[in-house]
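Visitor: Hey, dropping target26.pdb in here, PDB, C-alpha atoms, pLDDT in the B column:
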```pdb
ATOM      1  CA  MET A   1      16.122 -15.585  15.963  1.00 83.00           C
ATOM      2  CA  MET A   2      17.108 -13.856  12.728  1.00 89.00           C
ATOM      3  CA  ASP A   3      13.500 -13.967  11.504  1.00 90.00           C
ATOM      4  CA  THR A   4      12.455 -11.984  14.564  1.00 91.00           C
ATOM      5  CA  VAL A   5      15.176  -9.395  13.993  1.00 94.00           C
ATOM      6  CA  PHE A   6      14.222  -9.005  10.339  1.00 94.00           C
ATOM      7  CA  PHE A   7      10.542  -8.787  11.271  1.00 94.00           C
ATOM      8  CA  TYR A   8      11.211  -5.870  13.613  1.00 95.00           C
ATOM      9  CA  ILE A   9      13.394  -4.147  11.009  1.00 95.00           C
ATOM     10  CA  PHE A  10      10.736  -4.484   8.309  1.00 96.00           C
ATOM     11  CA  ALA A  11       7.943  -3.498  10.713  1.00 95.00           C
ATOM     12  CA  ALA A  12       9.908  -0.377  11.679  1.00 96.00           C
ATOM     13  CA  MET A  13      10.342   0.431   7.984  1.00 95.00           C
ATOM     14  CA  VAL A  14       6.597   0.071   7.407  1.00 95.00           C
ATOM     15  CA  LEU A  15       5.569   2.170  10.397  1.00 95.00           C
ATOM     16  CA  GLY A  16       8.271   4.798   9.918  1.00 95.00           C
ATOM     17  CA  GLY A  17       7.601   5.108   6.202  1.00 94.00           C
ATOM     18  CA  ALA A  18       3.855   5.377   6.779  1.00 94.00           C
ATOM     19  CA  LEU A  19       4.262   8.074   9.426  1.00 94.00           C
ATOM     20  CA  LEU A  20       6.665  10.048   7.255  1.00 93.00           C
ATOM     21  CA  THR A  21       4.328   9.680   4.274  1.00 92.00           C
ATOM     22  CA  ILE A  22       1.458  11.428   6.027  1.00 91.00           C
ATOM     23  CA  THR A  23       3.499  14.018   7.939  1.00 90.00           C
ATOM     24  CA  ARG A  24       5.826  15.438   5.246  1.00 88.00           C
ATOM     25  CA  ARG A  25       4.768  18.683   3.609  1.00 81.00           C
ATOM     26  CA  ASN A  26       6.791  18.050   0.451  1.00 82.00           C
ATOM     27  CA  ALA A  27       4.990  15.657  -1.897  1.00 81.00           C
ATOM     28  CA  VAL A  28       8.239  14.188  -3.246  1.00 83.00           C
ATOM     29  CA  HIS A  29       9.434  13.402   0.268  1.00 88.00           C
ATOM     30  CA  SER A  30       6.092  11.764   1.011  1.00 89.00           C
ATOM     31  CA  ALA A  31       6.358   9.603  -2.108  1.00 88.00           C
ATOM     32  CA  ILE A  32       9.887   8.505  -1.179  1.00 90.00           C
ATOM     33  CA  SER A  33       8.692   7.673   2.338  1.00 93.00           C
ATOM     34  CA  LEU A  34       5.914   5.595   0.791  1.00 92.00           C
ATOM     35  CA  ILE A  35       8.571   3.702  -1.170  1.00 92.00           C
ATOM     36  CA  VAL A  36      10.315   2.895   2.139  1.00 94.00           C
ATOM     37  CA  CYS A  37       6.986   1.692   3.551  1.00 95.00           C
ATOM     38  CA  LEU A  38       6.368  -0.526   0.515  1.00 93.00           C
ATOM     39  CA  LEU A  39       9.891  -1.955   0.789  1.00 94.00           C
ATOM     40  CA  GLY A  40       9.115  -2.943   4.375  1.00 95.00           C
ATOM     41  CA  VAL A  41       5.908  -4.647   3.251  1.00 95.00           C
ATOM     42  CA  ALA A  42       7.890  -6.513   0.579  1.00 94.00           C
ATOM     43  CA  GLY A  43      10.301  -7.689   3.257  1.00 95.00           C
ATOM     44  CA  LEU A  44       7.418  -8.925   5.383  1.00 95.00           C
ATOM     45  CA  TYR A  45       6.100 -10.866   2.380  1.00 93.00           C
ATOM     46  CA  LEU A  46       9.510 -12.465   1.977  1.00 92.00           C
ATOM     47  CA  LEU A  47       9.563 -13.487   5.630  1.00 93.00           C
ATOM     48  CA  GLN A  48       6.240 -15.277   5.091  1.00 91.00           C
ATOM     49  CA  GLN A  49       7.714 -17.224   2.127  1.00 88.00           C
ATOM     50  CA  ALA A  50       5.440 -15.379  -0.309  1.00 86.00           C
ATOM     51  CA  GLU A  51       8.117 -14.865  -2.937  1.00 86.00           C
ATOM     52  CA  PHE A  52       5.644 -14.034  -5.686  1.00 85.00           C
ATOM     53  CA  LEU A  53       4.045 -11.250  -3.657  1.00 86.00           C
ATOM     54  CA  PHE A  54       7.524  -9.980  -2.746  1.00 90.00           C
ATOM     55  CA  ALA A  55       8.453  -9.755  -6.434  1.00 89.00           C
ATOM     56  CA  VAL A  56       5.134  -8.137  -7.364  1.00 88.00           C
ATOM     57  CA  GLN A  57       5.537  -5.607  -4.556  1.00 90.00           C
ATOM     58  CA  ILE A  58       9.006  -4.635  -5.763  1.00 91.00           C
ATOM     59  CA  ILE A  59       8.380  -4.665  -9.511  1.00 89.00           C
ATOM     60  CA  LEU A  60       4.806  -3.422  -9.747  1.00 88.00           C
ATOM     61  CA  TYR A  61       4.264  -1.133  -6.786  1.00 86.00           C
ATOM     62  CA  ILE A  62       7.715   0.292  -6.164  1.00 87.00           C
ATOM     63  CA  GLY A  63       9.016   0.069  -9.707  1.00 86.00           C
ATOM     64  CA  GLY A  64       5.873   1.026 -11.569  1.00 85.00           C
ATOM     65  CA  ILE A  65       3.230   2.780  -9.537  1.00 84.00           C
ATOM     66  CA  MET A  66       5.560   4.842  -7.366  1.00 83.00           C
ATOM     67  CA  VAL A  67       7.521   5.964 -10.423  1.00 81.00           C
ATOM     68  CA  LEU A  68       4.184   6.983 -11.927  1.00 81.00           C
ATOM     69  CA  PHE A  69       3.293   8.882  -8.737  1.00 82.00           C
ATOM     70  CA  LEU A  70       6.633  10.691  -8.790  1.00 79.00           C
ATOM     71  CA  PHE A  71       6.141  11.470 -12.484  1.00 78.00           C
ATOM     72  CA  VAL A  72       2.708  12.975 -11.790  1.00 78.00           C
ATOM     73  CA  ILE A  73       4.009  14.921  -8.801  1.00 77.00           C
ATOM     74  CA  MET A  74       6.769  16.387 -10.940  1.00 75.00           C
ATOM     75  CA  LEU A  75       4.378  17.308 -13.762  1.00 75.00           C
ATOM     76  CA  VAL A  76       1.571  18.851 -11.750  1.00 72.00           C
ATOM     77  CA  ASN A  77       2.123  22.436 -10.674  1.00 61.00           C
ATOM     78  CA  LEU A  78       2.938  22.099  -6.983  1.00 60.00           C
ATOM     79  CA  ASP A  79       3.588  25.795  -6.402  1.00 60.00           C
ATOM     80  CA  LEU A  80      -0.145  26.474  -6.243  1.00 59.00           C
ATOM     81  CA  ALA A  81      -0.752  23.420  -4.055  1.00 57.00           C
ATOM     82  CA  ALA A  82       2.012  24.465  -1.658  1.00 59.00           C
ATOM     83  CA  LYS A  83       0.355  27.851  -1.107  1.00 62.00           C
ATOM     84  CA  GLU A  84      -3.029  26.320  -0.351  1.00 60.00           C
ATOM     85  CA  ARG A  85      -3.953  25.144   3.109  1.00 61.00           C
ATOM     86  CA  GLN A  86      -2.979  21.469   3.383  1.00 59.00           C
ATOM     87  CA  PHE A  87      -4.489  20.350   6.647  1.00 60.00           C
ATOM     88  CA  ASN A  88      -7.886  21.158   8.139  1.00 64.00           C
ATOM     89  CA  LYS A  89      -6.704  20.935  11.754  1.00 71.00           C
ATOM     90  CA  GLN A  90      -9.263  18.241  12.509  1.00 76.00           C
ATOM     91  CA  TRP A  91      -7.104  16.227  14.860  1.00 78.00           C
ATOM     92  CA  LEU A  92     -10.005  15.192  17.077  1.00 85.00           C
ATOM     93  CA  ILE A  93     -11.816  13.451  14.202  1.00 85.00           C
ATOM     94  CA  GLY A  94      -8.552  11.774  13.192  1.00 82.00           C
ATOM     95  CA  LEU A  95      -7.926  10.514  16.722  1.00 87.00           C
ATOM     96  CA  VAL A  96     -11.484   9.182  17.009  1.00 91.00           C
ATOM     97  CA  ALA A  97     -11.145   7.398  13.642  1.00 89.00           C
ATOM     98  CA  ALA A  98      -7.784   5.922  14.665  1.00 89.00           C
ATOM     99  CA  GLY A  99      -9.254   4.767  17.985  1.00 92.00           C
ATOM    100  CA  LEU A 100     -12.196   3.129  16.238  1.00 92.00           C
ATOM    101  CA  ALA A 101      -9.873   1.391  13.768  1.00 90.00           C
ATOM    102  CA  GLY A 102      -7.696   0.161  16.640  1.00 89.00           C
ATOM    103  CA  ALA A 103     -10.748  -1.105  18.527  1.00 91.00           C
ATOM    104  CA  GLN A 104     -11.937  -2.926  15.416  1.00 88.00           C
ATOM    105  CA  ILE A 105      -8.541  -4.560  14.914  1.00 85.00           C
ATOM    106  CA  GLY A 106      -8.475  -5.583  18.578  1.00 87.00           C
ATOM    107  CA  TRP A 107     -11.964  -7.061  18.320  1.00 83.00           C
ATOM    108  CA  PHE A 108     -11.030  -9.068  15.229  1.00 81.00           C
ATOM    109  CA  LEU A 109      -7.861 -10.315  16.897  1.00 81.00           C
ATOM    110  CA  PHE A 110      -9.782 -11.346  20.017  1.00 81.00           C
ATOM    111  CA  LYS A 111     -12.623 -13.013  18.116  1.00 78.00           C
ATOM    112  CA  GLY A 112     -10.384 -14.679  15.546  1.00 72.00           C
ATOM    113  CA  LYS A 113      -7.580 -16.029  17.718  1.00 65.00           C
ATOM    114  CA  PHE A 114      -8.980 -19.544  17.443  1.00 59.00           C
ATOM    115  CA  GLU A 115      -9.739 -19.191  13.744  1.00 62.00           C
ATOM    116  CA  ILE A 116      -6.170 -18.364  12.727  1.00 53.00           C
ATOM    117  CA  ALA A 117      -4.846 -21.822  13.564  1.00 54.00           C
ATOM    118  CA  SER A 118      -7.458 -23.570  11.464  1.00 53.00           C
ATOM    119  CA  ALA A 119      -7.182 -21.109   8.553  1.00 52.00           C
ATOM    120  CA  GLY A 120      -3.762 -22.483   7.592  1.00 52.00           C
ATOM    121  CA  ALA A 121      -5.257 -25.898   6.854  1.00 52.00           C
ATOM    122  CA  ALA A 122      -7.838 -24.416   4.475  1.00 54.00           C
ATOM    123  CA  GLY A 123      -5.211 -22.702   2.285  1.00 53.00           C
ATOM    124  CA  ALA A 124      -3.747 -23.829  -1.039  1.00 47.00           C
ATOM    125  CA  SER A 125      -3.545 -27.500  -1.842  1.00 50.00           C
ATOM    126  CA  VAL A 126      -0.257 -29.332  -1.446  1.00 53.00           C
ATOM    127  CA  SER A 127       0.092 -30.045  -5.176  1.00 65.00           C
ATOM    128  CA  GLN A 128      -0.117 -26.347  -6.077  1.00 68.00           C
ATOM    129  CA  GLY A 129       2.609 -23.811  -5.511  1.00 72.00           C
ATOM    130  CA  ASN A 130       2.149 -20.337  -4.147  1.00 74.00           C
ATOM    131  CA  THR A 131       2.013 -18.657  -7.563  1.00 76.00           C
ATOM    132  CA  GLU A 132      -0.523 -21.106  -8.970  1.00 82.00           C
ATOM    133  CA  ALA A 133      -2.818 -20.712  -5.976  1.00 81.00           C
ATOM    134  CA  ILE A 134      -2.717 -16.921  -6.289  1.00 79.00           C
ATOM    135  CA  ALA A 135      -3.390 -17.080 -10.030  1.00 82.00           C
ATOM    136  CA  ASP A 136      -6.324 -19.473  -9.578  1.00 85.00           C
ATOM    137  CA  SER A 137      -7.868 -17.288  -6.909  1.00 85.00           C
ATOM    138  CA  LEU A 138      -7.237 -14.054  -8.801  1.00 83.00           C
ATOM    139  CA  PHE A 139      -8.562 -15.137 -12.175  1.00 84.00           C
ATOM    140  CA  LYS A 140     -11.455 -17.319 -10.961  1.00 87.00           C
ATOM    141  CA  ASP A 141     -12.855 -15.682  -7.847  1.00 87.00           C
ATOM    142  CA  TYR A 142     -11.693 -12.083  -8.213  1.00 86.00           C
ATOM    143  CA  LEU A 143     -11.668 -11.464 -11.961  1.00 86.00           C
ATOM    144  CA  LEU A 144     -14.164  -8.580 -11.924  1.00 88.00           C
ATOM    145  CA  PRO A 145     -12.381  -6.578  -9.160  1.00 86.00           C
ATOM    146  CA  PHE A 146      -9.062  -7.243 -10.917  1.00 85.00           C
ATOM    147  CA  GLU A 147     -10.384  -5.774 -14.168  1.00 89.00           C
ATOM    148  CA  LEU A 148     -12.017  -2.843 -12.374  1.00 89.00           C
ATOM    149  CA  VAL A 149      -8.704  -1.955 -10.728  1.00 88.00           C
ATOM    150  CA  SER A 150      -6.950  -2.066 -14.100  1.00 88.00           C
ATOM    151  CA  VAL A 151      -9.539   0.316 -15.578  1.00 90.00           C
ATOM    152  CA  LEU A 152      -9.199   2.585 -12.537  1.00 89.00           C
ATOM    153  CA  LEU A 153      -5.425   2.722 -12.984  1.00 86.00           C
ATOM    154  CA  LEU A 154      -5.846   3.515 -16.669  1.00 87.00           C
ATOM    155  CA  VAL A 155      -8.218   6.377 -15.814  1.00 88.00           C
ATOM    156  CA  ALA A 156      -5.708   7.666 -13.240  1.00 85.00           C
ATOM    157  CA  VAL A 157      -2.889   7.688 -15.808  1.00 82.00           C
ATOM    158  CA  VAL A 158      -5.028   9.486 -18.396  1.00 84.00           C
ATOM    159  CA  GLY A 159      -6.204  11.963 -15.752  1.00 82.00           C
ATOM    160  CA  SER A 160      -2.659  12.731 -14.664  1.00 76.00           C
ATOM    161  CA  VAL A 161      -1.608  13.389 -18.242  1.00 77.00           C
ATOM    162  CA  VAL A 162      -4.610  15.670 -18.759  1.00 78.00           C
ATOM    163  CA  MET A 163      -3.820  17.556 -15.555  1.00 76.00           C
ATOM    164  CA  ALA A 164      -0.175  17.917 -16.552  1.00 72.00           C
ATOM    165  CA  LYS A 165      -0.898  19.213 -20.045  1.00 73.00           C
ATOM    166  CA  LYS A 166      -2.112  22.750 -20.314  1.00 62.00           C
ATOM    167  CA  ARG A 167      -3.556  22.270 -23.806  1.00 57.00           C
ATOM    168  CA  ILE A 168      -4.319  19.002 -25.547  1.00 53.00           C
TER     169      ILE A 168
END
```
Now that the file is in, can you turn its structure into structure tokens?
Guide:
Amino acid sequence: MMDTVFFYIFAAMVLGGALLTITRRNAVHSAISLIVCLLGVAGLYLLQQAEFLFAVQIILYIGGIMVLFLFVIMLVNLDLAAKERQFNKQWLIGLVAAGLAGAQIGWFLFKGKFEIASAGAAGASVSQGNTEAIADSLFKDYLLPFELVSVLLLVAVVGSVVMAKKRI
């Protein structure tokens, strides 16, 4: 019973934070709304007994990346960006894209409803814990994407510093 209540609370945080993130005109308010969304995702991880992902979500994404986003937002000149036109008024394209994404999710849910039950048996072995299974998968199967993401984040940090500095 309590799991259901917490699920709805965290789901409301995710959906509300996501909607506020894309609808706020102030970039700082959008970043704070994204933090609320990420907190909801962390809560959903905790409900699924994925304690490692919960801790990574809190420490890495909320504590590190969002602080970096806020730092970049504060450094970049937002007065010029506020005067520029923010939205292209292309609501029809957005609605079509959202409808297609919803149809795709519905199709995957319909086609995969029998696959979900058997997917739990093919997960991590009983002798391994959650953290060990994630580490094995991350550093064996997904090492190249992991390293590419780290390089991408490094380029983003250097780019934000270059944008913030007038003269180097």
Visitor: Between atom CA of Phe52 of chain A and atom CA of Leu39 of chain A, what distance in Å does the model show, to one decimal?
Guide: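 Between atom CA of Phe52 of chain A and atom CA of Leu39 of chain A the gap works out to 14.3 Å.
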Visitor: Record the distance separating atom CA of Leu154 of chain A and atom CA of Gly64 of chain A, expressed in Å with one decimal.
Guide: 13.0 Å
Visitor: Which distance in Å separates atom CA of Asn130 of chain A and atom CA of Val5 of chain A, to one decimal?
Guide: 24.9 Å
Visitor: Evaluate the PyMOL selection byres ((chain A and resi 160-162) around 12) and record the selected residues as a list in words, following the chain and residue labels used in the document.
Guide: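 With the PyMOL selection byres ((chain A and resi 160-162) around 12) on this model, the match is Leu68, Phe69, Leu70, Phe71, Val72, Ile73, Met74, Leu75, Val76, Asn77, Leu153, Leu154, Val155, Ala156, Val157, Val158, Gly159, Met163, Ala164, Lys165, Lys166, Arg167 and Ile168 of chain A.
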Visitor: Excluding Gly43 of chain A and any residue of its chain fewer than 3 positions from it, enumerate the residues within 9 Å of it, using all atoms listed in the file, and give them as a VMD selection string.
Guide: chain A and resid 6 to 7 10 to 11 38 to 40 46 to 48 54
Visitor: Would you mind telling me which residue in A:Ala50, A:Met1, A:Ala31, A:Leu20 lies nearest to Ala133 of chain A when using only C-alpha atoms?
Guide: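 Among the listed residues, the smallest separation from Ala133 of chain A belongs to A:Ala50.
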Visitor: Where does the PyMOL selection byres ((chain A and resi 21) around 8) land in this file, that is, which residues does it pick, as a list in words?
Guide: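 The output of the PyMOL selection byres ((chain A and resi 21) around 8) on this file is Gly17, Ala18, Leu19, Leu20, Ile22, Thr23, Arg24, His29, Ser30, Ala31, Ile32, Ser33 and Leu34 of chain A.
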Visitor: Since we have the selection now, will you write its residues out, keeping C-alpha atoms, as a CSV table (one decimal), in the coordinates of the input?
Guide:
```csv
chain,number,residue,atom,x,y,z
A,17,GLY,CA,7.6,5.1,6.2
A,18,ALA,CA,3.9,5.4,6.8
A,19,LEU,CA,4.3,8.1,9.4
A,20,LEU,CA,6.7,10.0,7.3
A,22,ILE,CA,1.5,11.4,6.0
A,23,THR,CA,3.5,14.0,7.9
A,24,ARG,CA,5.8,15.4,5.2
A,29,HIS,CA,9.4,13.4,0.3
A,30,SER,CA,6.1,11.8,1.0
A,31,ALA,CA,6.4,9.6,-2.1
A,32,ILE,CA,9.9,8.5,-1.2
A,33,SER,CA,8.7,7.7,2.3
A,34,LEU,CA,5.9,5.6,0.8
```
